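Below is entry-v5.json, which holds JSON, C-alpha atoms.
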```json
[["chain", "number", "residue", "atom", "x", "y", "z"],
["A", 430, "MET", "CA", 0.03, -11.23, 17.78],
["A", 431, "ALA", "CA", 3.41, -9.55, 17.63],
["A", 432, "ALA", "CA", 5.17, -8.74, 14.40],
["A", 433, "PRO", "CA", 8.13, -10.93, 13.37],
["A", 434, "PRO", "CA", 11.76, -9.83, 13.32],
["A", 435, "SER", "CA", 12.51, -6.83, 11.15],
["A", 436, "ALA", "CA", 13.84, -7.06, 7.65],
["A", 437, "VAL", "CA", 16.45, -4.61, 8.98],
["A", 438, "ARG", "CA", 18.95, -5.72, 11.62],
["A", 439, "PRO", "CA", 18.52, -4.09, 15.03],
["A", 440, "SER", "CA", 20.93, -1.27, 15.72],
["A", 441, "ALA", "CA", 21.76, 1.20, 18.44],
["A", 442, "VAL", "CA", 20.10, 3.97, 16.43],
["A", 443, "ARG", "CA", 16.74, 4.93, 17.86],
["A", 444, "PRO", "CA", 14.19, 4.42, 15.08],
["A", 445, "SER", "CA", 12.60, 7.55, 13.69],
["A", 446, "ALA", "CA", 9.94, 5.81, 11.58],
["A", 447, "ALA", "CA", 8.70, 2.39, 10.54],
["A", 448, "VAL", "CA", 7.14, 0.54, 7.63],
["A", 449, "LEU", "CA", 4.75, -2.35, 8.25],
["A", 450, "LEU", "CA", 4.12, -4.77, 5.40],
["A", 451, "LEU", "CA", 0.94, -6.83, 5.13],
["A", 452, "HIS", "CA", 0.83, -9.61, 2.57],
["A", 453, "GLY", "CA", -2.18, -10.99, 0.73],
["A", 454, "GLY", "CA", -4.40, -13.89, 1.61],
["A", 455, "ALA", "CA", -7.85, -15.25, 0.89],
["A", 456, "GLU", "CA", -11.43, -14.16, 1.31],
["A", 457, "THR", "CA", -11.99, -17.01, 3.77],
["A", 458, "GLY", "CA", -9.66, -19.38, 5.56],
["A", 459, "LEU", "CA", -9.24, -20.11, 9.24],
["A", 460, "ALA", "CA", -6.02, -22.11, 8.91],
["A", 461, "ALA", "CA", -2.75, -20.40, 9.70],
["A", 462, "PRO", "CA", -0.67, -19.24, 6.71],
["A", 463, "LEU", "CA", 1.80, -21.84, 5.50],
["A", 464, "PRO", "CA", 5.32, -21.47, 6.94],
["A", 465, "GLY", "CA", 8.33, -19.88, 5.27],
["A", 466, "PRO", "CA", 8.72, -20.33, 1.50],
["A", 467, "LEU", "CA", 5.37, -22.14, 1.32],
["A", 468, "ASN", "CA", 3.63, -18.88, 2.14],
["A", 469, "LEU", "CA", 3.67, -17.48, -1.40],
["A", 470, "PRO", "CA", 1.86, -14.20, -0.58],
["A", 471, "GLY", "CA", 4.37, -13.60, 2.20],
["A", 472, "MET", "CA", 7.29, -14.42, -0.06],
["A", 473, "ARG", "CA", 6.01, -11.95, -2.66],
["A", 474, "MET", "CA", 6.45, -9.11, -0.18],
["A", 475, "ARG", "CA", 10.10, -9.88, 0.52],
["A", 476, "PRO", "CA", 11.51, -7.91, -2.44],
["A", 477, "PHE", "CA", 9.35, -4.97, -1.37],
["A", 478, "ALA", "CA", 10.89, -5.20, 2.11],
["A", 479, "ARG", "CA", 14.42, -5.29, 0.65],
["A", 480, "THR", "CA", 13.82, -2.38, -1.71],
["A", 481, "ILE", "CA", 12.21, -0.27, 1.02],
["A", 482, "ALA", "CA", 15.02, -1.08, 3.45],
["A", 483, "GLY", "CA", 17.59, -0.01, 0.86],
["A", 484, "ALA", "CA", 15.73, 3.20, 0.05],
["A", 485, "THR", "CA", 15.43, 4.16, 3.72],
["A", 486, "GLY", "CA", 19.09, 3.54, 4.51],
["A", 487, "GLY", "CA", 19.04, -0.03, 5.79],
["A", 488, "GLY", "CA", 20.68, 0.94, 9.06],
["A", 489, "GLY", "CA", 17.83, 0.61, 11.55],
["A", 490, "ASP", "CA", 16.76, 4.26, 11.60],
["A", 491, "VAL", "CA", 13.62, 3.15, 9.78],
["A", 492, "LEU", "CA", 12.24, -0.17, 10.94],
["A", 493, "VAL", "CA", 10.83, -2.52, 8.31],
["A", 494, "ARG", "CA", 8.46, -5.10, 9.75],
["A", 495, "THR", "CA", 6.07, -7.71, 8.37],
["A", 496, "ALA", "CA", 2.84, -8.47, 10.20],
["A", 497, "ARG", "CA", 2.05, -12.07, 11.07],
["A", 498, "TYR", "CA", -1.43, -13.40, 10.47],
["A", 499, "ALA", "CA", -3.17, -15.88, 12.71],
["A", 500, "HIS", "CA", -5.36, -16.99, 9.78],
["A", 501, "HIS", "CA", -4.85, -16.78, 6.04],
["A", 502, "GLY", "CA", -8.34, -15.42, 5.29],
["A", 503, "TRP", "CA", -10.26, -12.21, 5.96],
["A", 504, "ASN", "CA", -13.20, -14.27, 7.24],
["A", 505, "GLY", "CA", -16.09, -11.87, 6.91],
["A", 506, "PRO", "CA", -17.05, -9.98, 10.06],
["A", 507, "ARG", "CA", -14.12, -11.54, 11.94],
["A", 508, "GLU", "CA", -11.77, -9.31, 9.91],
["A", 509, "ASP", "CA", -8.83, -11.34, 11.16],
["A", 510, "PRO", "CA", -6.00, -9.55, 9.27],
["A", 511, "LEU", "CA", -7.24, -6.17, 10.52],
["A", 512, "HIS", "CA", -6.77, -7.27, 14.12],
["A", 513, "ASP", "CA", -3.35, -8.74, 13.27],
["A", 514, "ALA", "CA", -2.34, -5.39, 11.75],
["A", 515, "LEU", "CA", -3.50, -3.46, 14.80],
["A", 516, "ARG", "CA", -1.58, -5.80, 17.11],
["A", 517, "ALA", "CA", 1.55, -5.36, 15.00],
["A", 518, "LEU", "CA", 1.16, -1.57, 15.19],
["A", 519, "ASP", "CA", 0.74, -1.74, 18.96],
["A", 520, "ALA", "CA", 3.93, -3.84, 19.11],
["A", 521, "LEU", "CA", 5.80, -1.23, 17.06],
["A", 522, "GLY", "CA", 4.64, 1.46, 19.48],
["A", 523, "ARG", "CA", 5.92, -0.52, 22.47],
["A", 524, "GLU", "CA", 9.22, -1.14, 20.71],
["A", 525, "ALA", "CA", 9.97, 2.28, 19.25],
["A", 526, "GLY", "CA", 7.57, 4.78, 20.76],
["A", 527, "GLU", "CA", 5.32, 7.19, 18.89],
["A", 528, "ILE", "CA", 7.03, 7.09, 15.51],
["A", 529, "PRO", "CA", 5.31, 7.61, 12.13],
["A", 530, "VAL", "CA", 4.41, 4.42, 10.31],
["A", 531, "VAL", "CA", 3.57, 3.79, 6.67],
["A", 532, "LEU", "CA", 1.56, 0.65, 5.93],
["A", 533, "VAL", "CA", 2.30, -1.26, 2.71],
["A", 534, "GLY", "CA", -0.25, -3.95, 1.94],
["A", 535, "HIS", "CA", -1.02, -6.22, -1.00],
["A", 536, "SER", "CA", -4.54, -7.38, -1.90],
["A", 537, "MET", "CA", -6.15, -8.58, 1.36],
["A", 538, "GLY", "CA", -3.23, -7.00, 3.20],
["A", 539, "ALA", "CA", -4.02, -3.67, 1.53],
["A", 540, "ARG", "CA", -7.59, -3.94, 2.76],
["A", 541, "ALA", "CA", -6.25, -4.55, 6.26],
["A", 542, "ALA", "CA", -3.88, -1.59, 5.89],
["A", 543, "LEU", "CA", -6.67, 0.74, 4.82],
["A", 544, "ARG", "CA", -8.86, -0.41, 7.69],
["A", 545, "ALA", "CA", -6.03, -0.10, 10.24],
["A", 546, "ALA", "CA", -5.04, 3.40, 9.09],
["A", 547, "GLY", "CA", -6.88, 5.02, 11.97],
["A", 548, "HIS", "CA", -4.23, 3.74, 14.39],
["A", 549, "PRO", "CA", -2.47, 6.78, 15.90],
["A", 550, "LEU", "CA", 0.95, 5.76, 14.56],
["A", 551, "VAL", "CA", -0.14, 5.54, 10.92],
["A", 552, "ARG", "CA", 0.73, 8.44, 8.62],
["A", 553, "GLY", "CA", 0.12, 6.84, 5.25],
["A", 554, "VAL", "CA", -0.90, 3.75, 3.30],
["A", 555, "VAL", "CA", 0.52, 2.33, 0.08],
["A", 556, "GLY", "CA", -1.99, -0.21, -1.21],
["A", 557, "LEU", "CA", -0.84, -2.69, -3.85],
["A", 558, "ALA", "CA", -3.64, -4.24, -5.95],
["A", 559, "PRO", "CA", -5.94, -3.57, -3.00],
["A", 560, "TRP", "CA", -9.19, -5.32, -2.21],
["A", 561, "CYS", "CA", -11.62, -2.42, -1.78],
["A", 562, "PRO", "CA", -15.22, -3.49, -1.09],
["A", 563, "ALA", "CA", -17.65, -0.66, -1.74],
["A", 564, "ASP", "CA", -19.09, -0.81, 1.78],
["A", 565, "ASP", "CA", -15.79, -0.68, 3.68],
["A", 566, "PRO", "CA", -15.53, 2.44, 5.89],
["A", 567, "VAL", "CA", -13.17, 5.28, 4.99],
["A", 568, "ASP", "CA", -13.54, 7.68, 7.93],
["A", 569, "GLN", "CA", -10.41, 6.18, 9.51],
["A", 570, "LEU", "CA", -8.39, 7.52, 6.55],
["A", 571, "ALA", "CA", -8.97, 11.17, 7.49],
["A", 572, "GLY", "CA", -5.66, 13.04, 7.71],
["A", 573, "ARG", "CA", -3.71, 10.18, 6.12],
["A", 574, "ASP", "CA", -1.91, 9.95, 2.77],
["A", 575, "VAL", "CA", -3.25, 7.07, 0.70],
["A", 576, "VAL", "CA", -1.63, 5.97, -2.57],
["A", 577, "LEU", "CA", -3.03, 2.92, -4.33],
["A", 578, "LEU", "CA", -1.25, 1.03, -7.13],
["A", 579, "HIS", "CA", -3.30, -1.25, -9.35],
["A", 580, "SER", "CA", -2.77, -3.15, -12.57],
["A", 581, "THR", "CA", -5.30, -2.29, -15.25],
["A", 582, "ARG", "CA", -5.41, -6.02, -16.09],
["A", 583, "ASP", "CA", -6.05, -7.25, -12.56],
["A", 584, "ARG", "CA", -8.69, -10.00, -12.58],
["A", 585, "ILE", "CA", -8.60, -10.74, -8.84],
["A", 586, "THR", "CA", -9.30, -7.32, -7.36],
["A", 587, "SER", "CA", -10.86, -4.36, -9.12],
["A", 588, "PRO", "CA", -8.83, -1.31, -10.22],
["A", 589, "ARG", "CA", -12.08, 0.61, -10.63],
["A", 590, "ALA", "CA", -12.98, -0.14, -7.01],
["A", 591, "SER", "CA", -9.58, 1.26, -6.02],
["A", 592, "GLN", "CA", -10.28, 4.37, -8.07],
["A", 593, "ARG", "CA", -13.65, 4.84, -6.37],
["A", 594, "LEU", "CA", -12.08, 4.39, -2.95],
["A", 595, "THR", "CA", -9.64, 7.25, -3.56],
["A", 596, "ALA", "CA", -12.58, 9.59, -4.18],
["A", 597, "ARG", "CA", -14.43, 8.35, -1.09],
["A", 598, "ALA", "CA", -11.25, 8.75, 0.97],
["A", 599, "ARG", "CA", -10.79, 12.35, -0.19],
["A", 600, "LEU", "CA", -14.33, 13.20, 0.88],
["A", 601, "ALA", "CA", -13.53, 11.68, 4.28],
["A", 602, "GLY", "CA", -10.50, 13.95, 4.70],
["A", 603, "ALA", "CA", -7.68, 11.82, 3.29],
["A", 604, "ARG", "CA", -5.11, 12.85, 0.68],
["A", 605, "SER", "CA", -5.40, 10.10, -1.91],
["A", 606, "CYS", "CA", -4.62, 9.02, -5.46],
["A", 607, "LEU", "CA", -4.32, 5.94, -7.66],
["A", 608, "VAL", "CA", -1.43, 4.92, -9.93],
["A", 609, "ALA", "CA", -2.68, 2.63, -12.72],
["A", 610, "ILE", "CA", -0.10, 0.16, -14.02],
["A", 611, "ARG", "CA", -0.52, -1.21, -17.53],
["A", 612, "ARG", "CA", 0.66, -4.64, -18.70],
["A", 613, "SER", "CA", 0.87, -6.12, -15.22],
["A", 614, "ASP", "CA", -1.13, -8.51, -13.05],
["A", 615, "HIS", "CA", -2.49, -9.05, -9.56],
["A", 616, "ALA", "CA", 0.65, -10.81, -8.30],
["A", 617, "MET", "CA", 2.78, -7.87, -9.54],
["A", 618, "LEU", "CA", 5.12, -10.22, -11.38],
["A", 619, "ARG", "CA", 4.97, -8.41, -14.70],
["A", 620, "ARG", "CA", 6.87, -5.13, -14.33],
["A", 621, "ALA", "CA", 7.88, -6.30, -10.85],
["A", 622, "GLY", "CA", 10.88, -3.99, -10.63],
["A", 623, "GLU", "CA", 8.68, -0.97, -11.28],
["A", 624, "TRP", "CA", 6.25, -2.01, -8.55],
["A", 625, "HIS", "CA", 9.14, -2.37, -6.10],
["A", 626, "ALA", "CA", 10.86, 0.88, -7.05],
["A", 627, "LEU", "CA", 7.73, 3.03, -7.05],
["A", 628, "THR", "CA", 6.60, 1.61, -3.72],
["A", 629, "ALA", "CA", 9.96, 2.48, -2.17],
["A", 630, "ARG", "CA", 9.80, 6.02, -3.61],
["A", 631, "LEU", "CA", 6.31, 6.45, -2.21],
["A", 632, "VAL", "CA", 7.29, 5.18, 1.24],
["A", 633, "THR", "CA", 10.30, 7.48, 1.50],
["A", 634, "GLY", "CA", 8.20, 10.39, 0.26],
["A", 635, "LEU", "CA", 5.36, 9.75, 2.70],
["A", 636, "LEU", "CA", 7.87, 9.53, 5.56],
["A", 637, "GLY", "CA", 9.51, 12.80, 4.50],
["A", 638, "LEU", "CA", 12.81, 11.11, 3.67],
["A", 639, "GLY", "CA", 12.78, 12.13, 0.02],
["A", 640, "PRO", "CA", 10.54, 13.77, -2.57],
["A", 641, "LEU", "CA", 7.36, 12.18, -3.78],
["A", 642, "PRO", "CA", 7.00, 11.91, -7.56],
["A", 643, "GLY", "CA", 5.72, 15.31, -8.61],
["A", 644, "PRO", "CA", 2.41, 14.15, -10.09],
["A", 645, "VAL", "CA", 1.69, 12.10, -6.95],
["A", 646, "ALA", "CA", 2.37, 15.11, -4.73],
["A", 647, "THR", "CA", 0.03, 17.17, -6.93],
["A", 648, "ALA", "CA", -2.71, 14.54, -6.83],
["A", 649, "LEU", "CA", -2.49, 14.34, -3.03],
["A", 650, "ARG", "CA", -3.33, 18.06, -2.91],
["A", 651, "LEU", "CA", -6.60, 17.67, -4.82],
["A", 652, "PRO", "CA", -9.67, 19.18, -3.13],
["A", 653, "PRO", "CA", -11.99, 16.81, -1.26],
["A", 654, "ASP", "CA", -14.67, 16.89, -3.95],
["A", 655, "ALA", "CA", -12.31, 16.15, -6.86],
["A", 656, "PRO", "CA", -13.66, 13.34, -9.07],
["A", 657, "ALA", "CA", -12.02, 9.94, -8.96],
["A", 658, "VAL", "CA", -10.46, 10.30, -12.42],
["A", 659, "ALA", "CA", -8.69, 13.51, -11.39],
["A", 660, "GLY", "CA", -6.54, 11.56, -8.98],
["A", 661, "THR", "CA", -5.82, 8.65, -11.33],
["A", 662, "LEU", "CA", -2.25, 8.62, -12.62],
["A", 663, "ASP", "CA", -0.70, 6.45, -15.33],
["A", 664, "LEU", "CA", 2.61, 4.83, -14.37],
["A", 665, "ASP", "CA", 3.93, 5.04, -17.94],
["A", 666, "LEU", "CA", 3.38, 8.79, -18.02],
["A", 667, "LEU", "CA", 4.63, 9.11, -14.44],
["A", 668, "GLU", "CA", 7.92, 7.55, -15.56],
["A", 669, "ALA", "CA", 8.01, 9.90, -18.54],
["A", 670, "TRP", "CA", 7.63, 12.80, -16.12],
["A", 671, "ARG", "CA", 10.54, 11.47, -14.10],
["A", 672, "ASN", "CA", 12.81, 10.91, -17.08],
["A", 673, "ARG", "CA", 12.02, 13.87, -19.31],
["A", 674, "GLY", "CA", 10.30, 16.48, -17.18],
["A", 675, "PRO", "CA", 6.66, 17.42, -16.70],
["A", 676, "VAL", "CA", 4.13, 15.91, -19.12],
["A", 677, "PRO", "CA", 0.40, 15.26, -18.75],
["A", 678, "TRP", "CA", 0.26, 12.27, -16.43],
["A", 679, "CYS", "CA", -3.33, 11.18, -16.89],
["A", 680, "ARG", "CA", -4.38, 10.26, -20.41],
["A", 681, "GLY", "CA", -7.21, 12.39, -21.75],
["A", 682, "GLY", "CA", -6.02, 15.51, -19.95],
["A", 683, "GLY", "CA", -7.12, 14.24, -16.57],
["A", 684, "THR", "CA", -10.60, 13.26, -17.74],
["A", 685, "GLY", "CA", -10.27, 9.49, -17.95],
["A", 686, "ALA", "CA", -8.54, 6.46, -16.47],
["A", 687, "PRO", "CA", -6.00, 4.47, -18.51],
["A", 688, "TRP", "CA", -8.23, 1.41, -18.87]]
```
If you convert what's in this file into structure tokens, what do you get?
Amino acid sequence: MAAPPSAVRPSAVRPSAAVLLLHGGAETGLAAPLPGPLNLPGMRMRPFARTIAGATGGGGDVLVRTARYAHHGWNGPREDPLHDALRALDALGREAGEIPVVLVGHSMGARAALRAAGHPLVRGVVGLAPWCPADDPVDQLAGRDVVLLHSTRDRITSPRASQRLTARARLAGARSCLVAIRRSDHAMLRRAGEWHALTARLVTGLLGLGPLPGPVATALRLPPDAPAVAGTLDLDLLEAWRNRGPVPWCRGGGTGAPW
């Protein structure tokens, strides 16, 4: 299934990169997602699309697309959103050629993004409150940049599972880290502006359009056998680093997660 119209108006400029957004869903569900404003997971990704479009120039040089799902659930071995993501990536390739793509997914959409990262166009994944089952493969992440963002209070998906995935991904050859976000929630409504802004900074950094936050860049250079906690960053300390200069960005001197 092809991706829908871009969040950025078409222009005569040949795109140099693209961002594909994948919204959340359900563990099971064969019905199609509800249309328009009734699709609440889809609506939640709209401010991310706007913020990313603004950060990347908004002129069509970087395409911003949202994948369409045929079904609103993952549906076990069917893995429906994964196939939707791969079709959307194929459509981007036909439209714009072999350009680098960063995937931005939330919850079920983050699981689909991580699974689709082996597509030849994908350079990086930003996973928002991702669903990370322990038995999902990670070999497809080799050579990719993977940054996961997760609320420490998430009760829908597990921040500790995200932390463990970053370590597994490093062993598989990925560059990965986790940013833990205090005082937030699975829907990313609390501290929403910080979720949007950090995601846009990560996307521009992963596409080489601007600098990554220094601690994130450092964490992405960790050796493959680095423990999971070594690549766990605390958003509050990350913002302190941005505003006041370098400070320790993982509480406990890099020996523990902020939950």
Nearest candidate to Asp564 in chain A (options A:Ala590, A:Val645, A:Ala545, A:Gly639; using all atoms listed in the file): A:Ala590
Spatial neighbours of range 529-544 of chain A, max dist 6 Å, only C-alpha atoms, sep filter under 2 positions, as a ChimeraX atom specification: /A:446-454,510-511,546,550-560
Shortest contact to Ala621 in chain A, candidates A:Pro476, A:Gly465, A:Gly547, A:Pro652, atoms counted all atoms listed in the file, goes to A:Pro476
Between A:Gln592, A:Ser445, A:Thr586, A:Asn468, which residue has the minimum interatomic distance to Gly637 in chain A, considering all atoms listed in the file?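 Ranking A:Gln592, A:Ser445, A:Thr586, A:Asn468 by distance to Gly637 in chain A, first place goes to A:Ser445.
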Neighbouring residues of His625 in chain A were defined as those with any atom within 9 Å, considering all atoms listed in the file; residues of the same chain fewer than 5 positions away were excluded. Please report them as a list in words. Pro476, Phe477, Ala478, Thr480, Ile481, Arg620 and Arg630 of chain A
How many Å separate CA of Ala517 in chain A from CA of Pro642 in chain A? 28.9 Å
For CA of Leu459 in chain A and CA of Pro562 in chain A, the interatomic separation in Å (one decimal): 20.5 Å
What's the 7 Å shell around Trp503 in chain A, counting all atoms listed in the file, without same-chain residues fewer than 6 positions away, as a ChimeraX atom specification? /A:455-457,509-510
Applying 9 Å and only C-alpha atoms, which residues near Val491 in chain A remain after dropping the ones on its own chain fewer than 2 positions away? List them as a ChimeraX atom specification. /A:437,443-448,482,485-489,493
For the residues in the current selection, export C-alpha atoms as a PDB file, in the coordinates of the input.
```
ATOM      1  CA  VAL A 437      16.450  -4.610   8.980  1.00  0.00           C
ATOM      2  CA  ARG A 443      16.740   4.930  17.860  1.00  0.00           C
ATOM      3  CA  PRO A 444      14.190   4.420  15.080  1.00  0.00           C
ATOM      4  CA  SER A 445      12.600   7.550  13.690  1.00  0.00           C
ATOM      5  CA  ALA A 446       9.940   5.810  11.580  1.00  0.00           C
ATOM      6  CA  ALA A 447       8.700   2.390  10.540  1.00  0.00           C
ATOM      7  CA  VAL A 448       7.140   0.540   7.630  1.00  0.00           C
ATOM      8  CA  ALA A 482      15.020  -1.080   3.450  1.00  0.00           C
ATOM      9  CA  THR A 485      15.430   4.160   3.720  1.00  0.00           C
ATOM     10  CA  GLY A 486      19.090   3.540   4.510  1.00  0.00           C
ATOM     11  CA  GLY A 487      19.040  -0.030   5.790  1.00  0.00           C
ATOM     12  CA  GLY A 488      20.680   0.940   9.060  1.00  0.00           C
ATOM     13  CA  GLY A 489      17.830   0.610  11.550  1.00  0.00           C
ATOM     14  CA  VAL A 493      10.830  -2.520   8.310  1.00  0.00           C
TER      15      VAL A 493
END
```
Kindly give the distance, in Å, that separates CA of Ala563 in chain A and CA of Thr633 in chain A, rounded to a single decimal. 29.3 Å
With only C-alpha atoms as the basis for distance, which of A:Ala609, A:Leu463, A:Leu570, A:Ile528 is at the shortest distance from Val658 in chain A?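 For Val658 in chain A, the nearest of the given residues is A:Ala609.
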Neighbour list for range 576-584 of chain A as JSON, numbers by chain, cut-off 7 Å, all atoms listed in the file, skip fewer than 3 positions in-chain: {"A": [554, 555, 556, 557, 558, 587, 588, 591, 605, 606, 607, 608, 609, 610, 611, 612, 613, 614, 615, 688]}
Could you check which of A:Arg497, A:Arg593, A:Arg650, A:Arg516 is closest to Arg573 in chain A, using all atoms listed in the file?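 Ranked by minimum distance to Arg573 in chain A, first place goes to A:Arg650.
The residue that comes closest to Arg479 in chain A, out of A:Val567, A:Leu651, A:Ala601, A:Gly622 and on the basis of only C-alpha atoms, is A:Gly622.
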Box in all listed atoms of range 625-630 of chain A, axis-aligned, with 5 Å more on each side; write out centre and edge lengths in Å to one decimal as JSON.
```
{"center_x": 8.7, "center_y": 1.8, "center_z": -4.6, "size_x": 14.3, "size_y": 18.4, "size_z": 14.9}
```
For range 508-530 of chain A, supply N, CA and C atoms and report the output as a short mmCIF file (atom, residue, chain, number, x, y, z; two decimals), in the coordinates of the input.
```
data_model
loop_
_atom_site.label_atom_id
_atom_site.label_comp_id
_atom_site.auth_asym_id
_atom_site.auth_seq_id
_atom_site.Cartn_x
_atom_site.Cartn_y
_atom_site.Cartn_z
N GLU A 508 -12.80 -10.26 10.35
CA GLU A 508 -11.77 -9.31 9.91
C GLU A 508 -10.41 -9.63 10.54
N ASP A 509 -10.03 -10.88 10.44
CA ASP A 509 -8.83 -11.34 11.16
C ASP A 509 -7.57 -10.55 10.83
N PRO A 510 -7.24 -10.28 9.55
CA PRO A 510 -6.00 -9.55 9.27
C PRO A 510 -6.00 -8.12 9.82
N LEU A 511 -7.17 -7.50 9.92
CA LEU A 511 -7.24 -6.17 10.52
C LEU A 511 -6.75 -6.21 11.96
N HIS A 512 -7.20 -7.19 12.72
CA HIS A 512 -6.77 -7.27 14.12
C HIS A 512 -5.29 -7.61 14.23
N ASP A 513 -4.79 -8.45 13.30
CA ASP A 513 -3.35 -8.74 13.27
C ASP A 513 -2.55 -7.47 12.99
N ALA A 514 -3.04 -6.64 12.06
CA ALA A 514 -2.34 -5.39 11.75
C ALA A 514 -2.32 -4.46 12.95
N LEU A 515 -3.44 -4.35 13.64
CA LEU A 515 -3.50 -3.46 14.80
C LEU A 515 -2.58 -3.95 15.91
N ARG A 516 -2.51 -5.27 16.10
CA ARG A 516 -1.58 -5.80 17.11
C ARG A 516 -0.14 -5.51 16.73
N ALA A 517 0.18 -5.65 15.44
CA ALA A 517 1.55 -5.36 15.00
C ALA A 517 1.89 -3.89 15.20
N LEU A 518 0.93 -3.00 14.96
CA LEU A 518 1.16 -1.57 15.19
C LEU A 518 1.35 -1.28 16.68
N ASP A 519 0.56 -1.92 17.52
CA ASP A 519 0.74 -1.74 18.96
C ASP A 519 2.14 -2.21 19.39
N ALA A 520 2.59 -3.33 18.78
CA ALA A 520 3.93 -3.84 19.11
C ALA A 520 5.01 -2.86 18.67
N LEU A 521 4.83 -2.24 17.50
CA LEU A 521 5.80 -1.23 17.06
C LEU A 521 5.84 -0.06 18.03
N GLY A 522 4.68 0.36 18.52
CA GLY A 522 4.64 1.46 19.48
C GLY A 522 5.38 1.11 20.76
N ARG A 523 5.20 -0.11 21.25
CA ARG A 523 5.92 -0.52 22.47
C ARG A 523 7.42 -0.59 22.23
N GLU A 524 7.81 -0.99 21.03
CA GLU A 524 9.22 -1.14 20.71
C GLU A 524 9.92 0.19 20.49
N ALA A 525 9.27 1.08 19.75
CA ALA A 525 9.97 2.28 19.25
C ALA A 525 9.33 3.59 19.68
N GLY A 526 8.21 3.54 20.36
CA GLY A 526 7.57 4.78 20.76
C GLY A 526 6.64 5.32 19.68
N GLU A 527 6.30 6.57 19.80
CA GLU A 527 5.32 7.19 18.89
C GLU A 527 6.01 7.69 17.62
N ILE A 528 6.37 6.75 16.77
CA ILE A 528 7.03 7.09 15.51
C ILE A 528 6.03 6.97 14.37
N PRO A 529 6.23 7.73 13.27
CA PRO A 529 5.31 7.61 12.13
C PRO A 529 5.51 6.28 11.41
N VAL A 530 4.40 5.71 10.98
CA VAL A 530 4.41 4.42 10.31
C VAL A 530 3.68 4.54 8.98
#
```
